[in-house]
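S.K.: Shown below is the structure under consideration.
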Amino acid sequence: MPSKEYRQRLIAELVESEFLSTQAQIAEKLAERGIRVTQATVSRDVTELRLVRVPAGKGQHRYRVTPLTGQEDVEAELEQRFKLFVRDL
């Protein structure tokens with residue numbers, strides 16, 4: 001079974017490249033790639049990835065990656081490394 005990190009990276013790629021408006025659609029796309037997941041797993045992944053549903057016109061919505069997700073991850077990593085650095089002084 002692929003790792004959680006791989007699955008989440010694939011989900012992020014899928015929502016950026018395809019029109020996916022439901023968690024069931026995300027699960028279907030993963031299944032097409034040999035990754036079987038429950039709706040609960042997709043829900044947790046959507047939350048952890050901070051995906052958002054945005055208007056897509058004509059009353060439809062789609063999942064998108066939050067633009068600041070990457071920046072926040074970098075800041076958290078830098079903060080953690082700084083704390084370790086200071087602790088080790």
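Identifiers for the structure tokens are assigned positionally: chains receive A, B, ... in sequence, residues are indexed from 1 per chain, and ligands are indexed from 1 in the order shown.
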Can you tell me, as a VMD selection string, what residues are no more than 7 Å from stretch 51-68 of chain A when counting only C-alpha atoms, ignoring any on the same chain fewer than 6 positions away?
M.R.: chain A and resid 12 15 to 16 19 to 21
S.K.: Pull N, CA and C atoms from the residues just selected and write them as a PDB file, in the first residue's frame.
M.R.:
ATOM      1  N   ALA A  12      -3.307  16.042  -4.106  1.00  0.00           N
ATOM      2  CA  ALA A  12      -3.035  17.447  -4.436  1.00  0.00           C
ATOM      3  C   ALA A  12      -2.861  17.620  -5.943  1.00  0.00           C
ATOM      4  N   VAL A  15      -6.416  17.233  -7.693  1.00  0.00           N
ATOM      5  CA  VAL A  15      -7.356  18.356  -7.577  1.00  0.00           C
ATOM      6  C   VAL A  15      -6.876  19.576  -8.362  1.00  0.00           C
ATOM      7  N   GLU A  16      -5.583  19.659  -8.620  1.00  0.00           N
ATOM      8  CA  GLU A  16      -5.078  20.765  -9.434  1.00  0.00           C
ATOM      9  C   GLU A  16      -5.264  20.499 -10.926  1.00  0.00           C
ATOM     10  N   PHE A  19     -11.191  18.369 -12.560  1.00  0.00           N
ATOM     11  CA  PHE A  19     -12.345  18.983 -11.914  1.00  0.00           C
ATOM     12  C   PHE A  19     -12.950  17.953 -10.967  1.00  0.00           C
ATOM     13  N   LEU A  20     -12.631  18.061  -9.685  1.00  0.00           N
ATOM     14  CA  LEU A  20     -13.132  17.133  -8.670  1.00  0.00           C
ATOM     15  C   LEU A  20     -13.922  17.927  -7.649  1.00  0.00           C
ATOM     16  N   SER A  21     -15.212  17.608  -7.543  1.00  0.00           N
ATOM     17  CA  SER A  21     -16.065  18.396  -6.660  1.00  0.00           C
ATOM     18  C   SER A  21     -16.533  17.640  -5.426  1.00  0.00           C
TER      19      SER A  21
END
S.K.: For stretch 41-46 of chain A, please output as a PyMOL selection string all residues within 7 Å (counting only C-alpha atoms; exclusion window: fewer than 3 positions along the same chain).
M.R.: chain A and resi 8+23+27+37-38+49-51
S.K.: With C-alpha atoms retained, write the just-selected residues as an mmCIF file, in the first residue's frame.
M.R.:
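Wrote selection-v1.cif, looks like this:
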data_model
loop_
_atom_site.group_PDB
_atom_site.id
_atom_site.type_symbol
_atom_site.label_atom_id
_atom_site.label_comp_id
_atom_site.auth_asym_id
_atom_site.auth_seq_id
_atom_site.Cartn_x
_atom_site.Cartn_y
_atom_site.Cartn_z
ATOM 1 C CA GLN A 8 -1.697 13.006 -0.280
ATOM 2 C CA GLN A 23 -14.623 13.345 -1.943
ATOM 3 C CA ALA A 27 -11.600 8.299 -4.013
ATOM 4 C CA VAL A 37 -9.402 4.352 0.306
ATOM 5 C CA THR A 38 -12.510 4.997 2.341
ATOM 6 C CA LEU A 49 -3.918 19.091 2.963
ATOM 7 C CA ARG A 50 -6.134 22.100 3.713
ATOM 8 C CA LEU A 51 -7.963 21.675 0.431
#
S.K.: Rounded to one decimal place, report the atom CA of A:Tyr6-atom CA of A:Thr47 distance in Å.
M.R.: 15.9 Å
S.K.: From a DSSP pass on the backbone, collect the residues of stretch 46-89 of chain A flagged as helix (DSSP H, G or I) and hand them back as a ChimeraX atom specification.
M.R.: /A:46-49,69-88
S.K.: Any chance you can output those residues with N, CA and C atoms as a JSON list (two decimals), in the first residue's frame?
M.R.:
[["chain", "number", "residue", "atom", "x", "y", "z"],
["A", 46, "VAL", "N", -8.13, 15.49, 2.96],
["A", 46, "VAL", "CA", -8.59, 16.82, 2.53],
["A", 46, "VAL", "C", -8.33, 17.84, 3.64],
["A", 47, "THR", "N", -8.62, 17.46, 4.87],
["A", 47, "THR", "CA", -8.40, 18.36, 6.01],
["A", 47, "THR", "C", -6.91, 18.62, 6.21],
["A", 48, "GLU", "N", -6.11, 17.57, 6.21],
["A", 48, "GLU", "CA", -4.67, 17.73, 6.44],
["A", 48, "GLU", "C", -3.99, 18.52, 5.32],
["A", 49, "LEU", "N", -4.47, 18.35, 4.09],
["A", 49, "LEU", "CA", -3.92, 19.09, 2.96],
["A", 49, "LEU", "C", -4.47, 20.52, 2.88],
["A", 69, "THR", "N", -0.72, 26.90, 1.53],
["A", 69, "THR", "CA", -0.35, 25.65, 2.19],
["A", 69, "THR", "C", 1.15, 25.43, 2.18],
["A", 70, "GLY", "N", 1.77, 25.54, 1.04],
["A", 70, "GLY", "CA", 3.21, 25.33, 0.96],
["A", 70, "GLY", "C", 3.99, 26.30, 1.81],
["A", 71, "GLN", "N", 3.61, 27.57, 1.80],
["A", 71, "GLN", "CA", 4.30, 28.59, 2.58],
["A", 71, "GLN", "C", 4.20, 28.29, 4.07],
["A", 72, "GLU", "N", 3.02, 27.90, 4.52],
["A", 72, "GLU", "CA", 2.84, 27.59, 5.94],
["A", 72, "GLU", "C", 3.71, 26.40, 6.35],
["A", 73, "ASP", "N", 3.81, 25.41, 5.47],
["A", 73, "ASP", "CA", 4.64, 24.25, 5.77],
["A", 73, "ASP", "C", 6.11, 24.64, 5.91],
["A", 74, "VAL", "N", 6.56, 25.52, 5.04],
["A", 74, "VAL", "CA", 7.95, 26.00, 5.10],
["A", 74, "VAL", "C", 8.18, 26.75, 6.39],
["A", 75, "GLU", "N", 7.26, 27.62, 6.75],
["A", 75, "GLU", "CA", 7.40, 28.39, 7.98],
["A", 75, "GLU", "C", 7.43, 27.48, 9.20],
["A", 76, "ALA", "N", 6.57, 26.48, 9.23],
["A", 76, "ALA", "CA", 6.54, 25.54, 10.36],
["A", 76, "ALA", "C", 7.86, 24.78, 10.45],
["A", 77, "GLU", "N", 8.39, 24.34, 9.31],
["A", 77, "GLU", "CA", 9.67, 23.63, 9.28],
["A", 77, "GLU", "C", 10.80, 24.53, 9.78],
["A", 78, "LEU", "N", 10.83, 25.78, 9.33],
["A", 78, "LEU", "CA", 11.87, 26.71, 9.77],
["A", 78, "LEU", "C", 11.78, 26.98, 11.27],
["A", 79, "GLU", "N", 10.55, 27.14, 11.76],
["A", 79, "GLU", "CA", 10.37, 27.38, 13.20],
["A", 79, "GLU", "C", 10.87, 26.19, 14.01],
["A", 80, "GLN", "N", 10.55, 24.98, 13.56],
["A", 80, "GLN", "CA", 10.99, 23.78, 14.27],
["A", 80, "GLN", "C", 12.52, 23.68, 14.27],
["A", 81, "ARG", "N", 13.14, 23.92, 13.14],
["A", 81, "ARG", "CA", 14.60, 23.85, 13.05],
["A", 81, "ARG", "C", 15.26, 24.92, 13.92],
["A", 82, "PHE", "N", 14.67, 26.12, 13.95],
["A", 82, "PHE", "CA", 15.21, 27.19, 14.77],
["A", 82, "PHE", "C", 15.17, 26.81, 16.25],
["A", 83, "LYS", "N", 14.05, 26.24, 16.69],
["A", 83, "LYS", "CA", 13.93, 25.82, 18.09],
["A", 83, "LYS", "C", 14.99, 24.77, 18.43],
["A", 84, "LEU", "N", 15.20, 23.82, 17.53],
["A", 84, "LEU", "CA", 16.22, 22.80, 17.76],
["A", 84, "LEU", "C", 17.61, 23.41, 17.81],
["A", 85, "PHE", "N", 17.87, 24.36, 16.95],
["A", 85, "PHE", "CA", 19.16, 25.04, 16.91],
["A", 85, "PHE", "C", 19.42, 25.77, 18.22],
["A", 86, "VAL", "N", 18.43, 26.54, 18.68],
["A", 86, "VAL", "CA", 18.58, 27.31, 19.92],
["A", 86, "VAL", "C", 18.76, 26.36, 21.10],
["A", 87, "ARG", "N", 18.01, 25.29, 21.12],
["A", 87, "ARG", "CA", 18.10, 24.31, 22.21],
["A", 87, "ARG", "C", 19.49, 23.69, 22.28],
["A", 88, "ASP", "N", 20.10, 23.48, 21.12],
["A", 88, "ASP", "CA", 21.40, 22.82, 21.06],
["A", 88, "ASP", "C", 22.57, 23.76, 21.33]]
S.K.: Residues within 10 Å of A:Leu30, please, as a PDB file with C-alpha atoms, in the first residue's frame. Count only C-alpha atoms; anything in the same chain fewer than 6 positions from it doesn't count.
M.R.:
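Here's the written file out.pdb:
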ATOM      1  CA  ARG A   7      -1.398   9.415  -1.459  1.00  0.00           C
ATOM      2  CA  LEU A  10      -1.336  12.428  -5.562  1.00  0.00           C
ATOM      3  CA  ILE A  11      -4.554  13.966  -4.213  1.00  0.00           C
ATOM      4  CA  LEU A  14      -5.386  15.405  -8.932  1.00  0.00           C
ATOM      5  CA  ALA A  24     -16.177  10.351  -3.714  1.00  0.00           C
ATOM      6  CA  ARG A  36      -8.282   2.045  -2.498  1.00  0.00           C
ATOM      7  CA  VAL A  37      -9.402   4.352   0.306  1.00  0.00           C
ATOM      8  CA  VAL A  42     -10.190  11.055   1.910  1.00  0.00           C
TER       9      VAL A  42
END
S.K.: DSSP on the backbone, strand (DSSP E) only: what residues of chain A does that give? Format it as number ranges by chain.
M.R.: A: 51-57, 60-65
